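Asks: Input structure: protein_17.txt, which contains compact mmCIF, C-alpha atoms and all ligand atoms.
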```
# COMPACT_ATOMS: atom_id res chain seq x y z
CA MET P 5 -8.18 48.82 -66.86
CA ARG P 6 -8.16 51.23 -69.79
CA ALA P 7 -4.90 51.79 -71.66
CA ALA P 8 -3.87 53.54 -74.87
CA ARG P 9 -1.22 51.29 -76.36
CA MET P 10 1.17 51.01 -79.27
CA HIS P 11 0.99 47.83 -81.29
CA GLY P 12 3.54 49.07 -83.81
CA TYR P 13 5.24 52.26 -85.02
CA ASN P 14 3.55 54.98 -87.05
CA GLN P 15 -0.02 54.18 -86.14
CA PRO P 16 -2.57 55.67 -83.76
CA LEU P 17 -2.66 54.28 -80.23
CA VAL P 18 -5.23 51.56 -79.60
CA LEU P 19 -7.56 52.48 -76.74
CA GLU P 20 -8.42 49.18 -75.13
CA GLU P 21 -9.43 47.30 -72.03
CA VAL P 22 -6.46 45.31 -70.68
CA GLU P 23 -5.60 43.36 -67.56
CA LYS P 24 -4.66 45.36 -64.46
CA PRO P 25 -0.95 44.80 -63.67
CA LYS P 26 0.16 42.61 -60.77
CA ILE P 27 2.94 43.87 -58.53
CA ALA P 28 6.19 42.24 -57.42
CA PRO P 29 6.94 42.26 -53.64
CA ASN P 30 9.14 45.38 -53.93
CA GLU P 31 6.63 47.27 -56.05
CA VAL P 32 3.74 49.62 -55.49
CA LEU P 33 0.71 49.79 -57.75
CA VAL P 34 0.05 53.40 -58.70
CA ARG P 35 -3.37 54.45 -59.90
CA VAL P 36 -2.58 57.02 -62.56
CA GLU P 37 -4.51 60.23 -61.94
CA ALA P 38 -2.59 62.25 -64.50
CA ALA P 39 -0.02 61.51 -67.19
CA GLY P 40 1.80 64.30 -69.00
CA MET P 41 1.89 64.14 -72.78
CA CYS P 42 5.45 64.65 -73.95
CA ARG P 43 6.78 65.30 -77.43
CA THR P 44 8.88 62.24 -76.75
CA ASP P 45 5.65 60.20 -76.90
CA VAL P 46 5.06 61.43 -80.44
CA GLN P 47 8.66 60.58 -81.33
CA LEU P 48 8.29 57.16 -79.73
CA ILE P 49 5.23 56.46 -81.88
CA ASP P 50 7.06 57.81 -84.96
CA GLY P 51 9.98 55.41 -84.36
CA TYR P 52 12.55 58.14 -83.56
CA PHE P 53 14.18 55.96 -80.87
CA LYS P 54 13.79 52.69 -82.78
CA ASP P 55 17.53 52.15 -83.28
CA TYR P 56 18.50 53.12 -79.74
CA LEU P 57 15.61 51.58 -77.89
CA PRO P 58 13.64 48.91 -79.75
CA LEU P 59 10.21 48.56 -78.16
CA PRO P 60 8.48 45.32 -77.28
CA PHE P 61 4.84 45.55 -78.39
CA PRO P 62 2.32 46.19 -77.06
CA ALA P 63 3.78 49.20 -75.25
CA THR P 64 2.04 51.90 -73.24
CA PRO P 65 3.46 55.44 -73.56
CA GLY P 66 3.36 57.97 -70.72
CA HIS P 67 6.43 58.58 -68.56
CA GLU P 68 5.17 61.63 -66.64
CA ILE P 69 3.07 60.05 -63.95
CA ALA P 70 1.30 61.27 -60.82
CA GLY P 71 -1.35 59.35 -58.97
CA SER P 72 -2.28 57.57 -55.80
CA ILE P 73 -1.09 54.39 -54.18
CA GLU P 74 -3.52 51.54 -54.78
CA GLU P 75 -1.54 48.57 -53.45
CA ILE P 76 1.79 48.03 -51.67
CA GLY P 77 4.03 44.97 -52.14
CA ASP P 78 4.95 42.74 -49.17
CA ALA P 79 8.67 43.59 -49.33
CA VAL P 80 8.26 47.39 -49.32
CA PRO P 81 9.88 48.53 -46.04
CA GLU P 82 8.11 50.66 -43.44
CA SER P 83 10.93 53.18 -43.76
CA ALA P 84 9.67 54.06 -47.26
CA LYS P 85 6.73 55.71 -45.45
CA LEU P 86 4.24 54.89 -48.18
CA ALA P 87 0.57 54.25 -47.48
CA ILE P 88 -2.49 53.34 -49.53
CA GLY P 89 -4.07 56.49 -50.97
CA ASP P 90 -0.91 58.60 -50.82
CA LEU P 91 -0.42 61.14 -53.59
CA VAL P 92 2.84 60.31 -55.36
CA VAL P 93 4.92 61.19 -58.40
CA VAL P 94 7.03 58.63 -60.23
CA ALA P 95 10.72 59.21 -60.86
CA GLY P 96 10.79 57.65 -64.30
CA ALA P 97 14.39 56.50 -64.78
CA TRP P 98 14.99 53.08 -63.35
CA GLY P 99 18.65 52.07 -63.60
CA ASP P 100 20.29 48.70 -63.06
CA GLY P 101 21.67 49.95 -59.74
CA THR P 102 25.14 48.58 -60.42
CA CYS P 103 26.91 50.83 -62.93
CA ARG P 104 28.93 53.98 -62.16
CA GLN P 105 26.09 56.30 -63.16
CA CYS P 106 23.60 54.49 -60.94
CA ARG P 107 26.05 54.46 -58.03
CA VAL P 108 26.26 58.26 -58.09
CA GLY P 109 22.50 58.55 -58.51
CA ASP P 110 22.26 59.35 -62.21
CA GLU P 111 19.98 56.46 -63.07
CA GLN P 112 18.54 58.39 -66.02
CA ILE P 113 21.79 57.82 -67.92
CA CYS P 114 22.23 54.17 -66.96
CA ALA P 115 22.98 52.09 -70.06
CA HIS P 116 20.71 49.31 -68.80
CA GLY P 117 17.83 51.42 -67.58
CA THR P 118 14.13 50.85 -67.99
CA TRP P 119 11.41 53.48 -67.97
CA PRO P 120 7.66 53.33 -67.50
CA GLY P 121 6.08 54.57 -70.72
CA PHE P 122 8.66 52.79 -72.87
CA SER P 123 7.50 49.27 -72.13
CA LEU P 124 4.35 47.29 -71.34
CA TYR P 125 3.08 49.74 -68.71
CA GLY P 126 2.96 53.51 -68.79
CA GLY P 127 0.93 56.52 -67.77
CA TYR P 128 -1.48 56.17 -70.69
CA GLY P 129 -2.88 53.23 -68.77
CA GLU P 130 -4.84 53.48 -65.51
CA TYR P 131 -2.42 51.51 -63.34
CA VAL P 132 1.38 51.25 -63.32
CA PRO P 133 3.56 49.00 -61.15
CA VAL P 134 6.50 51.00 -59.75
CA PRO P 135 9.46 49.82 -57.64
CA TYR P 136 8.93 51.66 -54.35
CA ARG P 137 12.31 53.43 -54.50
CA TYR P 138 11.10 55.57 -57.40
CA LEU P 139 8.14 57.21 -55.70
CA ILE P 140 8.13 60.65 -54.16
CA ARG P 141 5.26 61.31 -51.80
CA VAL P 142 3.57 64.68 -52.05
CA ASP P 143 1.94 66.09 -48.93
CA PRO P 144 -1.74 66.88 -49.66
CA LYS P 145 -1.53 70.03 -47.51
CA PHE P 146 0.19 71.80 -50.41
CA ASN P 147 -2.92 71.41 -52.60
CA LEU P 148 -0.99 70.36 -55.67
CA THR P 149 -3.08 68.42 -58.17
CA ALA P 150 -1.95 65.29 -59.97
CA GLU P 151 -2.38 67.27 -63.21
CA GLU P 152 0.14 69.85 -61.97
CA LEU P 153 2.51 67.24 -60.60
CA ALA P 154 2.73 64.80 -63.53
CA PRO P 155 4.57 67.17 -65.93
CA LEU P 156 7.10 67.99 -63.21
CA THR P 157 8.58 64.51 -63.64
CA ASP P 158 9.94 65.36 -67.09
CA ALA P 159 8.90 68.70 -68.67
CA GLY P 160 9.41 70.38 -65.31
CA LEU P 161 12.49 68.32 -64.45
CA THR P 162 14.63 68.23 -67.59
CA PRO P 163 15.17 72.01 -67.83
CA TYR P 164 15.85 72.11 -64.08
CA ARG P 165 18.86 69.83 -64.51
CA GLY P 166 19.92 71.80 -67.60
CA ILE P 167 19.83 75.13 -65.77
CA LYS P 168 21.79 73.60 -62.89
CA LYS P 169 24.52 72.74 -65.39
CA LEU P 170 24.64 76.34 -66.58
CA ARG P 171 24.87 77.47 -62.98
CA GLN P 172 27.70 75.01 -62.29
CA ALA P 173 29.46 76.32 -65.43
CA GLY P 174 29.68 79.67 -63.64
CA VAL P 175 28.16 81.73 -66.45
CA VAL P 176 25.10 83.10 -64.67
CA GLY P 177 24.71 85.97 -62.25
CA PRO P 178 24.20 89.75 -62.29
CA ASP P 179 25.08 91.47 -65.58
CA ARG P 180 24.69 88.14 -67.39
CA VAL P 181 22.06 87.15 -69.94
CA VAL P 182 20.48 83.70 -69.96
CA ALA P 183 18.63 82.63 -73.09
CA VAL P 184 15.80 80.11 -73.06
CA LEU P 185 15.34 78.78 -76.58
CA GLY P 186 11.84 77.46 -77.14
CA VAL P 187 8.77 78.08 -75.01
CA GLY P 188 6.83 74.83 -75.40
CA GLY P 189 6.32 72.20 -72.70
CA LEU P 190 9.87 72.42 -71.33
CA GLY P 191 10.45 76.12 -72.02
CA THR P 192 7.57 77.30 -69.82
CA TYR P 193 9.41 75.71 -66.89
CA ALA P 194 12.91 76.65 -68.10
CA VAL P 195 12.22 80.39 -67.86
CA GLN P 196 11.14 79.95 -64.24
CA TYR P 197 14.24 77.98 -63.28
CA ALA P 198 16.42 80.41 -65.20
CA LYS P 199 15.04 83.21 -63.01
CA LEU P 200 15.25 81.21 -59.79
CA LEU P 201 18.71 79.69 -60.25
CA SER P 202 20.57 82.35 -62.22
CA SER P 203 21.27 84.70 -59.33
CA GLY P 204 20.08 87.93 -60.87
CA ALA P 205 20.78 87.30 -64.55
CA THR P 206 18.48 88.73 -67.19
CA VAL P 207 16.36 85.98 -68.74
CA VAL P 208 15.30 86.21 -72.37
CA ALA P 209 12.94 83.67 -73.95
CA PHE P 210 13.09 83.03 -77.69
CA GLY P 211 10.19 81.36 -79.48
CA ARG P 212 7.95 81.42 -82.52
CA SER P 213 4.50 81.77 -81.02
CA ASP P 214 3.30 85.01 -79.42
CA GLU P 215 0.80 83.03 -77.35
CA LYS P 216 3.52 80.83 -75.87
CA LEU P 217 5.91 83.76 -75.43
CA ALA P 218 3.20 85.56 -73.44
CA ILE P 219 3.19 82.63 -71.01
CA ALA P 220 6.99 82.77 -70.80
CA LYS P 221 6.63 86.43 -69.84
CA GLU P 222 4.03 85.58 -67.17
CA ASN P 223 6.37 82.88 -65.89
CA GLY P 224 9.11 85.38 -65.26
CA ALA P 225 11.08 85.96 -68.48
CA ASP P 226 12.43 89.52 -68.41
CA HIS P 227 12.13 89.79 -72.19
CA VAL P 228 10.70 87.66 -74.97
CA ILE P 229 11.73 87.66 -78.63
CA ASN P 230 9.68 86.15 -81.44
CA THR P 231 12.21 84.75 -83.93
CA ARG P 232 9.75 83.59 -86.60
CA GLY P 233 11.01 84.71 -90.02
CA ARG P 234 13.64 87.02 -88.51
CA SER P 235 17.32 87.29 -89.44
CA ILE P 236 20.04 86.82 -86.82
CA THR P 237 20.94 90.52 -87.24
CA ASP P 238 17.36 91.49 -86.40
CA ILE P 239 17.24 89.18 -83.43
CA ARG P 240 20.57 90.47 -82.14
CA SER P 241 19.42 94.06 -82.39
CA GLU P 242 16.19 93.28 -80.51
CA LEU P 243 18.27 91.51 -77.84
CA SER P 244 20.50 94.55 -77.60
CA ASN P 245 17.55 96.95 -77.29
CA ALA P 246 15.99 94.78 -74.61
CA THR P 247 19.02 93.95 -72.47
CA GLY P 248 21.89 96.22 -73.46
CA HIS P 249 23.84 93.10 -74.48
CA THR P 250 24.27 91.80 -78.01
CA GLU P 251 25.16 88.32 -76.79
CA VAL P 252 24.02 85.81 -74.20
CA ASP P 253 26.29 84.22 -71.59
CA ALA P 254 24.26 81.08 -71.19
CA ALA P 255 21.64 79.33 -73.26
CA ILE P 256 19.34 76.37 -72.71
CA ASP P 257 17.83 74.85 -75.82
CA CYS P 258 14.49 73.22 -75.11
CA VAL P 259 13.75 72.44 -78.76
CA GLY P 260 16.59 70.62 -80.48
CA ALA P 261 15.94 71.95 -83.98
CA GLU P 262 19.17 72.46 -85.93
CA ASP P 263 18.45 76.09 -86.79
CA PHE P 264 17.53 76.96 -83.19
CA ILE P 265 20.81 75.52 -81.91
CA GLN P 266 22.67 77.48 -84.59
CA MET P 267 20.90 80.67 -83.53
CA GLY P 268 21.83 80.04 -79.91
CA PHE P 269 25.51 79.55 -80.68
CA ASN P 270 25.43 82.56 -82.96
CA LEU P 271 24.29 84.66 -80.00
CA LEU P 272 26.64 83.06 -77.46
CA ALA P 273 29.25 85.31 -75.82
CA THR P 274 32.92 84.35 -75.53
CA ALA P 275 33.39 81.73 -72.79
CA GLY P 276 29.64 81.16 -72.79
CA ALA P 277 27.91 77.88 -72.01
CA PHE P 278 25.14 76.14 -73.90
CA VAL P 279 23.04 73.22 -72.74
CA SER P 280 20.84 71.06 -74.96
CA VAL P 281 17.80 69.34 -73.49
CA GLY P 282 15.51 69.43 -76.55
CA LEU P 283 15.44 66.49 -78.95
CA VAL P 284 13.25 67.49 -81.85
CA GLY P 285 16.00 67.32 -84.50
CA THR P 286 18.65 64.69 -85.11
CA ARG P 287 21.96 66.52 -85.75
CA ILE P 288 24.04 69.36 -84.35
CA ASN P 289 25.72 71.54 -86.95
CA ILE P 290 27.69 74.48 -85.58
CA PRO P 291 30.82 76.23 -86.87
CA LEU P 292 34.00 74.82 -85.33
CA PHE P 293 36.32 77.83 -85.29
CA PRO P 294 34.24 80.11 -83.03
CA PHE P 295 33.47 77.12 -80.81
CA VAL P 296 37.20 76.60 -80.16
CA ALA P 297 38.48 80.16 -80.41
CA ARG P 298 35.78 81.60 -78.16
CA GLU P 299 35.99 78.73 -75.70
CA PHE P 300 32.36 77.75 -75.69
CA THR P 301 31.18 74.92 -73.46
CA TYR P 302 28.44 72.60 -74.69
CA HIS P 303 26.57 70.38 -72.25
CA GLY P 304 24.16 67.59 -73.02
CA SER P 305 21.65 67.18 -70.23
CA PHE P 306 19.24 64.29 -70.05
CA TRP P 307 16.04 64.26 -68.01
CA GLY P 308 16.89 64.37 -64.28
CA ASN P 309 17.80 62.07 -61.42
CA TYR P 310 15.81 61.31 -58.27
CA SER P 311 17.47 64.14 -56.33
CA ASP P 312 16.75 66.65 -59.09
CA LEU P 313 13.10 65.58 -58.99
CA SER P 314 12.99 65.85 -55.19
CA GLU P 315 14.22 69.43 -55.50
CA VAL P 316 11.62 70.24 -58.14
CA ILE P 317 8.82 68.76 -56.01
CA ALA P 318 10.05 70.69 -52.99
CA LEU P 319 10.00 73.86 -55.06
CA ALA P 320 6.45 73.09 -56.23
CA GLN P 321 5.34 72.43 -52.64
CA ALA P 322 6.77 75.80 -51.66
CA GLY P 323 4.59 77.40 -54.34
CA GLY P 324 7.59 78.30 -56.48
CA ILE P 325 6.40 76.83 -59.78
CA LYS P 326 3.66 78.08 -62.11
CA HIS P 327 1.80 75.37 -63.97
CA THR P 328 0.29 75.65 -67.44
CA VAL P 329 -1.75 72.53 -67.90
CA LYS P 330 -4.32 71.43 -70.45
CA GLN P 331 -6.48 68.48 -69.37
CA VAL P 332 -7.02 65.78 -71.96
CA ALA P 333 -9.64 63.04 -71.52
CA PHE P 334 -8.37 59.50 -72.11
CA GLU P 335 -10.65 59.19 -75.16
CA ASP P 336 -8.96 62.21 -76.80
CA ILE P 337 -5.35 61.01 -76.59
CA ASN P 338 -4.80 60.41 -80.31
CA GLU P 339 -6.27 63.75 -81.32
CA ASN P 340 -4.01 65.54 -78.82
CA LEU P 341 -0.94 63.61 -79.98
CA GLU P 342 -1.63 65.17 -83.39
CA LEU P 343 -1.79 68.65 -81.83
CA LEU P 344 1.47 67.92 -80.03
CA ARG P 345 3.08 66.77 -83.27
CA ALA P 346 2.03 70.06 -84.88
CA GLY P 347 3.31 72.12 -81.92
CA ASP P 348 -0.21 73.35 -81.19
CA ILE P 349 -0.36 72.57 -77.47
CA VAL P 350 0.15 75.52 -75.14
CA GLY P 351 1.89 74.45 -71.91
CA ARG P 352 1.57 70.76 -71.02
CA ALA P 353 -1.25 68.45 -72.03
CA VAL P 354 -2.11 65.97 -69.29
CA VAL P 355 -4.16 62.81 -69.74
CA THR P 356 -6.73 62.04 -67.08
CA PHE P 357 -9.02 59.05 -66.71
CA GLY P 358 -12.26 60.75 -65.74
CA ALA P 359 -13.43 58.96 -62.61
CA THR P 360 -9.94 58.82 -61.14
CA ALA P 361 -8.96 62.40 -61.91
CA SER P 362 -8.61 65.58 -59.96
CA ARG P 363 -8.41 66.25 -56.23
CA LYS P 364 -9.03 69.92 -56.95
CA ALA P 365 -9.59 71.90 -60.12
CA THR P 366 -6.42 72.63 -62.08
CA ALA P 367 -5.09 76.10 -61.54
CA GLY P 368 -3.79 76.31 -65.12
ZN ZN P 401 23.14 51.66 -64.10
```
Mind turning this structure into structure tokens?
Replies:
Amino acid sequence: MRAARMHGYNQPLVLEEVEKPKIAPNEVLVRVEAAGMCRTDVQLIDGYFKDYLPLPFPATPGHEIAGSIEEIGDAVPESAKLAIGDLVVVAGAWGDGTCRQCRVGDEQICAHGTWPGFSLYGGYGEYVPVPYRYLIRVDPKFNLTAEELAPLTDAGLTPYRGIKKLRQAGVVGPDRVVAVLGVGGLGTYAVQYAKLLSSGATVVAFGRSDEKLAIAKENGADHVINTRGRSITDIRSELSNATGHTEVDAAIDCVGAEDFIQMGFNLLATAGAFVSVGLVGTRINIPLFPFVAREFTYHGSFWGNYSDLSEVIALAQAGGIKHTVKQVAFEDINENLELLRAGDIVGRAVVTFGATASRKATAG
């Protein structure tokens, strides 16, 4: 099979012919029809996670996977209702199954977890072995393509969990303002979930590219604000003109850049809640006194668990999610990783393998 693999940090992926994986009895072999390209893949290649998660080489990136079932292991039970040819998405966080987090279903924060795309096999290769428990079957009658589905397993999942945390914090609803910071891969989904799950709140997207902000608007943001080169006073006055509020009650940061987080907290209303899902930077630097005196709440939110993903897929099947997908041929992976590094991809880039790709044309 073809695979684009890492043989070390800080070097282009090697596009090569490698052996097709064999499956264990409890596994299913998934033929990858689409693999989302995540900024995390760029960071992985750049060694950002090196200290937290040392990689064995060779490694195949690609943790946003949708495809079809090629082979089913002997120990996969009938009750899993999986059949050869089924369209499936892969829930990417595989916990040890024994710790407290795993026991409550949050396998994505298991300390002993493994993930496809951070080891020998990943979505940048044509086949991936997956323990059957991590597959979600998608009914073909909903006409969702693998290209639409793959990004839902991370880009379309991570902000969903983040917005749920804001909702649980009780800071959304009518007469409230929800800010979506960043309108890249995650942000294009975040604005949609902010509208769907915020019970009538006004949703404002903040970003630095008019092209991406236009998509945020199409995806349901009530207002968009381009922050490039603007002072906080300017931004606040535009927010006020747009919404009648000078502050936001809730914010989800889909970027992770230090200055964007600072801007978000600067705009946060007393007793407001902030959730970070973006990981572009490395540090958080916010003033302590307002944080304490105004009783802010700050949530970290990581990826999503199996149930979160089931909800997202159900929403997609109900036609409730707009997809902005750019197809990338396998041969063009390295070139598109560069675009991703530069922030020049609009929506989500999705790798396809030519012959195996596409049940229907991507809606886009
Ligand atoms: Zn665990």
Asks: I'd like to know which of P:Asp50, P:Asp55, P:Glu23, P:Asp110 is closest to ligand ZN 401 (chain P), using all atoms listed in the file.
Replies: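 Answer, going by the shortest atom-to-atom distance: P:Asp110.
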Asks: Report the distance between atom CA of Pro163 of chain P and atom CA of Gly260 of chain P in Å, rounded to one decimal place.
Replies: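 Going from atom CA of Pro163 of chain P over to atom CA of Gly260 of chain P covers 12.8 Å.
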Asks: Quick one, how far is atom CA of Thr192 of chain P from atom CA of Thr328 of chain P?
Replies: 7.8 Å
Asks: If you count all atoms listed in the file, which residues end up within 9 Å of ligand ZN 401 (chain P), as a PyMOL selection string?
Replies: chain P and resi 98-107+109-117
Asks: Could you tell me how far atom CA of Arg287 of chain P sits from atom CA of Leu271 of chain P, in Å to one decimal place?
Replies: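 Atom CA of Leu271 of chain P sits 19.2 Å away from atom CA of Arg287 of chain P.
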Asks: Quick one: residues within 12 Å of Glu242 of chain P, all atoms listed in the file, excluding same-chain residues fewer than 3 positions away - as a VMD selection string?
Replies: chain P and resid 208 210 227 to 231 234 to 239 245 to 251 271
Asks: Using C-alpha atoms, can you export the residues from the last selection as a PDB file, in the coordinates of the input?
Replies:
```pdb
ATOM      1  CA  VAL P 208      15.300  86.210 -72.370  1.00  0.00           C
ATOM      2  CA  PHE P 210      13.090  83.030 -77.690  1.00  0.00           C
ATOM      3  CA  HIS P 227      12.130  89.790 -72.190  1.00  0.00           C
ATOM      4  CA  VAL P 228      10.700  87.660 -74.970  1.00  0.00           C
ATOM      5  CA  ILE P 229      11.730  87.660 -78.630  1.00  0.00           C
ATOM      6  CA  ASN P 230       9.680  86.150 -81.440  1.00  0.00           C
ATOM      7  CA  THR P 231      12.210  84.750 -83.930  1.00  0.00           C
ATOM      8  CA  ARG P 234      13.640  87.020 -88.510  1.00  0.00           C
ATOM      9  CA  SER P 235      17.320  87.290 -89.440  1.00  0.00           C
ATOM     10  CA  ILE P 236      20.040  86.820 -86.820  1.00  0.00           C
ATOM     11  CA  THR P 237      20.940  90.520 -87.240  1.00  0.00           C
ATOM     12  CA  ASP P 238      17.360  91.490 -86.400  1.00  0.00           C
ATOM     13  CA  ILE P 239      17.240  89.180 -83.430  1.00  0.00           C
ATOM     14  CA  ASN P 245      17.550  96.950 -77.290  1.00  0.00           C
ATOM     15  CA  ALA P 246      15.990  94.780 -74.610  1.00  0.00           C
ATOM     16  CA  THR P 247      19.020  93.950 -72.470  1.00  0.00           C
ATOM     17  CA  GLY P 248      21.890  96.220 -73.460  1.00  0.00           C
ATOM     18  CA  HIS P 249      23.840  93.100 -74.480  1.00  0.00           C
ATOM     19  CA  THR P 250      24.270  91.800 -78.010  1.00  0.00           C
ATOM     20  CA  GLU P 251      25.160  88.320 -76.790  1.00  0.00           C
ATOM     21  CA  LEU P 271      24.290  84.660 -80.000  1.00  0.00           C
TER      22      LEU P 271
END
```
Asks: Using all atoms listed in the file, collect all residues at a distance of at most 10 Å from (-7.2, 45.0, -70.6) as written in the file, then present them as a list of chain:residue names.
Replies: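 All residues meeting the 10 Å criterion around (-7.2, 45.0, -70.6) are P:Met5, P:Arg6, P:Ala7, P:Leu19, P:Glu20, P:Glu21, P:Val22, P:Glu23, P:Lys24, P:Pro25, P:Gly129.
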Asks: For Glu68 of chain P, work out the shell of residues within 12 Å, counting only C-alpha atoms and skipping chain neighbours fewer than 6 positions away, then give it as a count of residues only.
Replies: 45
Asks: Which residue, P:Phe306, P:Tyr13, P:Phe53, P:Phe278, has the smallest gap to Val252 of chain P when you use all atoms listed in the file?
Replies: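 Among the listed residues, the smallest separation from Val252 of chain P belongs to P:Phe278.
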Asks: List the neighbours of Ile325 of chain P out to 8 Å using all atoms listed in the file; skip same-chain residues closer than 6 positions along the sequence, and give me the result as a list in words.
Replies: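 The residues that qualify are Tyr193, Gln196 and Leu319 of chain P.
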Asks: With all atoms listed in the file as the atoms that count, which of P:Val195, P:Ala225, P:Leu57, P:Ile288 lies nearest to Ile256 of chain P?
Replies: P:Val195
Asks: Can you list, as an mmCIF file with C-alpha atoms, in the frame of the given file, every protein, DNA or RNA residue that comes within 10 Å of Asn289 of chain P when you count only C-alpha atoms, leaving out same-chain residues fewer than 5 positions away?
Replies:
```cif
data_model
loop_
_atom_site.group_PDB
_atom_site.id
_atom_site.type_symbol
_atom_site.label_atom_id
_atom_site.label_comp_id
_atom_site.auth_asym_id
_atom_site.auth_seq_id
_atom_site.Cartn_x
_atom_site.Cartn_y
_atom_site.Cartn_z
ATOM 1 C CA GLU P 262 19.170 72.460 -85.930
ATOM 2 C CA ASP P 263 18.450 76.090 -86.790
ATOM 3 C CA ILE P 265 20.810 75.520 -81.910
ATOM 4 C CA GLN P 266 22.670 77.480 -84.590
#
```
Asks: Using all atoms listed in the file, which protein or nucleic acid residues come within 12 Å of Gly177 of chain P? Drop anything in the same chain fewer than 6 positions from it, and give the result as a list of chain:residue names.
Replies: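 Result of the neighbour search: P:Leu170, P:Arg171, P:Ala198, P:Lys199, P:Leu200, P:Leu201, P:Ser202, P:Ser203, P:Gly204, P:Ala205, P:Thr206, P:Val207, P:Val252, P:Asp253, P:Ala254.
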Asks: Out of P:Gly188, P:Leu283, P:Ala322, P:Glu342, which residue has the shortest atom-to-atom distance to Tyr52 of chain P when counting only C-alpha atoms?
Replies: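 Closest to Tyr52 of chain P, using only C-alpha atoms: P:Leu283.
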Asks: Counting only C-alpha atoms, which of P:Ile317, P:Met10, P:Leu17, P:Cys258 gets nearest to Glu335 of chain P?
Replies: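 Comparing P:Ile317, P:Met10, P:Leu17, P:Cys258 against Glu335 of chain P, the winner is P:Leu17.
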Asks: Which of these, P:Ala70, P:Leu148, P:Ala277, P:Leu217, has the shortest distance to Gln321 of chain P once you count all atoms listed in the file?
Replies: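 The closest residue to Gln321 of chain P is P:Leu148.
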Asks: Just need segment 175-179 of chain P in a file, please: all heavy atoms, as an mmCIF file, in the first residue's frame.
Replies:
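Listing of part_31.cif after writing:
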```
data_model
loop_
_atom_site.group_PDB
_atom_site.id
_atom_site.type_symbol
_atom_site.label_atom_id
_atom_site.label_comp_id
_atom_site.auth_asym_id
_atom_site.auth_seq_id
_atom_site.Cartn_x
_atom_site.Cartn_y
_atom_site.Cartn_z
ATOM 1 N N VAL P 175 -23.133 29.689 30.645
ATOM 2 C CA VAL P 175 -22.896 31.078 30.230
ATOM 3 C C VAL P 175 -23.424 31.379 28.831
ATOM 4 O O VAL P 175 -23.096 32.403 28.246
ATOM 5 C CB VAL P 175 -21.385 31.420 30.289
ATOM 6 C CG1 VAL P 175 -20.913 31.467 31.734
ATOM 7 C CG2 VAL P 175 -20.567 30.426 29.488
ATOM 8 N N VAL P 176 -24.239 30.477 28.289
ATOM 9 C CA VAL P 176 -24.800 30.743 26.966
ATOM 10 C C VAL P 176 -26.318 30.818 27.057
ATOM 11 O O VAL P 176 -26.911 30.314 28.009
ATOM 12 C CB VAL P 176 -24.376 29.665 25.942
ATOM 13 C CG1 VAL P 176 -22.866 29.580 25.819
ATOM 14 C CG2 VAL P 176 -24.952 28.295 26.308
ATOM 15 N N GLY P 177 -26.908 31.465 26.082
ATOM 16 C CA GLY P 177 -28.364 31.607 26.070
ATOM 17 C C GLY P 177 -28.727 32.959 25.479
ATOM 18 O O GLY P 177 -27.854 33.712 25.033
ATOM 19 N N PRO P 178 -30.009 33.314 25.465
ATOM 20 C CA PRO P 178 -30.422 34.608 24.922
ATOM 21 C C PRO P 178 -29.748 35.760 25.679
ATOM 22 O O PRO P 178 -29.484 35.651 26.871
ATOM 23 C CB PRO P 178 -31.939 34.626 25.162
ATOM 24 C CG PRO P 178 -32.323 33.192 25.310
ATOM 25 C CD PRO P 178 -31.138 32.510 25.926
ATOM 26 N N ASP P 179 -29.462 36.831 24.964
ATOM 27 C CA ASP P 179 -28.808 38.009 25.533
ATOM 28 C C ASP P 179 -27.358 37.737 25.959
ATOM 29 O O ASP P 179 -26.792 38.468 26.758
ATOM 30 C CB ASP P 179 -29.624 38.572 26.715
ATOM 31 C CG ASP P 179 -29.242 40.031 27.015
ATOM 32 O OD1 ASP P 179 -28.937 40.762 26.043
ATOM 33 O OD2 ASP P 179 -29.238 40.427 28.193
#
```
